[in-house]
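Shown next, in structure tokens, is the structure this report addresses.
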Amino acid sequence: MSKPTPALVFVAVLLLASLACSSGGVATPDPGLINTMVAQTLSAIQIQSAVPGIPATSTGTVTALPTSTPEPPTPSPTITLTLAPVFTATPSVPLISVSVPTNCRVGPGRAYDRVGALLVGEFAEVFGRDLGGNYWYIRNPDNSSGFCWLWGEYATLAGNTQVLPVFTPPPTPTPAPAFVADYSGLEACAGTGWWVEIRLENTGGLTFRSILLAVADTTSNTTVSLSDNKFTNVNGCSSSDSRNTLIPGEKMIVSSPVFSYDPTGHNFRATITLCSDINVNGTCITRIVEFKP
């Protein structure tokens, strides 16, 4: 508790002294008045010594006010650091390479025209696939502004191919007939005669089912010919080999009708017509070969 200040004690003493004196002699102090003044003085002392802002009770005791707990400071926002993306070697667009040079076509199949090729050591971007997953739709290695279909037999892919769309290929082009022909040799059989042999290769998209062959000896002005629904190769005097069709990509040797004389050293012109239907009908195409046995 705080002690009474000297100034207040001095004031109390003066009051007591003034009461003790009178104009004519010594007066007897009134005990009740003195007690009242002392109580008032002590009350004033207590008020002066009280803690500011804390009221005193009627009995002179100090009632403590509730102590408020200060609010904790608002924490600063936590800064979350975002790590930079880790570099990955997986390309955003899948890439394709091949172990064998592979043609790239306008559609997924050999029936479509070739427009480029992916070579060993090259890479191309992949943008789609066919329904069967056998062909990949890529940027044309020979034309960066174009696209083509690559057979996946010898291909290796890098990247996520699961998200690639499935593209509907263009309609299959109408197959065109084509073949190449050249002179293969001259054969003979004693008592039968001589004949020339022509090597054929179907390089188009149609299957051939009939043949018209005319071989002219321009030196002796002699011509022999045949029309057949099969392709026959006569092997000397003993045997022959025949086929009913000549499919795309297939090769075969066909024999001409026989000459009754030895035409060695003569000039020849062979006219070969192949057709898609029997009896030299359907789609037909003709080649001419000149040679000298």
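Convention: chains lettered A, B, ... in structure tokens order; per-chain residue numbering from 1; ligands numbered from 1 as shown.
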
Check your understanding: Which residues in range 55-282 of chain A does DSSP call strand (DSSP E or B)? List them as a PyMOL selection string.
Key -> chain A and resi 56+62+95-98+102-105+114-118+124-129+135-139+147-151+155-158+166+179-189+193-202+208+210-217+222-228+231-235+239-243+246+251-255+259+268-277+281-282

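Near Gly132 in chain A, within 12 Å and counting only C-alpha atoms, sit Pro108, Gly109, Gly128, Arg129, Asp130, Asn134, Tyr135, Trp136, Trp151, Gly152, Val166, Phe167, Thr168 and Pro169 of chain A; same-chain residues fewer than 2 positions away were not included.
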
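In terms of minimum interatomic distance to Ser276 in chain A, A:Lys230 ranks closest within A:Arg199, A:Lys230, A:Lys251, A:Lys292, counting only C-alpha atoms.
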
Review point. Gly282 in chain A: which residues within 12 Å, counting only C-alpha atoms, same-chain residues fewer than 3 positions away excluded, as a list in words?
Key: Pro177, Leu206, Thr207, Phe208, Arg209, Ser210, Ile211, Thr273, Leu274, Cys275, Ser276, Asp277, Ile278, Asn279 and Ile285 of chain A

Take the residues from that selection and write them out as a compact mmCIF listing (two decimals), in the first residue's frame, keeping C-alpha atoms.
```txt
# COMPACT_ATOMS: atom_id res chain seq x y z
CA PRO A 177 -3.82 -50.58 -113.62
CA LEU A 206 -5.72 -53.86 -110.09
CA THR A 207 -5.55 -57.63 -110.43
CA PHE A 208 -5.20 -58.84 -114.02
CA ARG A 209 -7.26 -61.85 -115.17
CA SER A 210 -6.62 -62.06 -118.91
CA ILE A 211 -3.89 -61.37 -121.45
CA THR A 273 -2.39 -56.13 -123.13
CA LEU A 274 -3.52 -57.06 -119.60
CA CYS A 275 -7.15 -56.72 -118.45
CA SER A 276 -8.94 -56.85 -115.09
CA ASP A 277 -11.68 -59.20 -116.34
CA ILE A 278 -11.57 -62.45 -118.28
CA ASN A 279 -11.78 -62.54 -122.09
CA ILE A 285 -3.66 -51.48 -120.26
```

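Each of A:Pro173, A:Pro165, A:Gly205, A:Gly185 was checked against Ile253 in chain A using only C-alpha atoms; the smallest atom-to-atom distance is that of A:Gly185.
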
Point to revise | Selection: 12 Å around range 220-227 of chain A, only C-alpha atoms, excl. self and same-chain fewer than 4 positions, as a PyMOL selection string | key: chain A and resi 194-196+209-216+231-232+254-275+278-281

Check your understanding: At what distance in Å, to one decimal, does CA of Ala117 in chain A lie from CA of Ala158 in chain A?
Key -> 18.8 Å

Exercise for review: Could you jot down the CA of Pro293 in chain A to CA of Ser238 in chain A separation for me, Å, one decimal place?
Suggested key: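 Straight-line distance from CA of Pro293 in chain A to CA of Ser238 in chain A works out to 22.3 Å.
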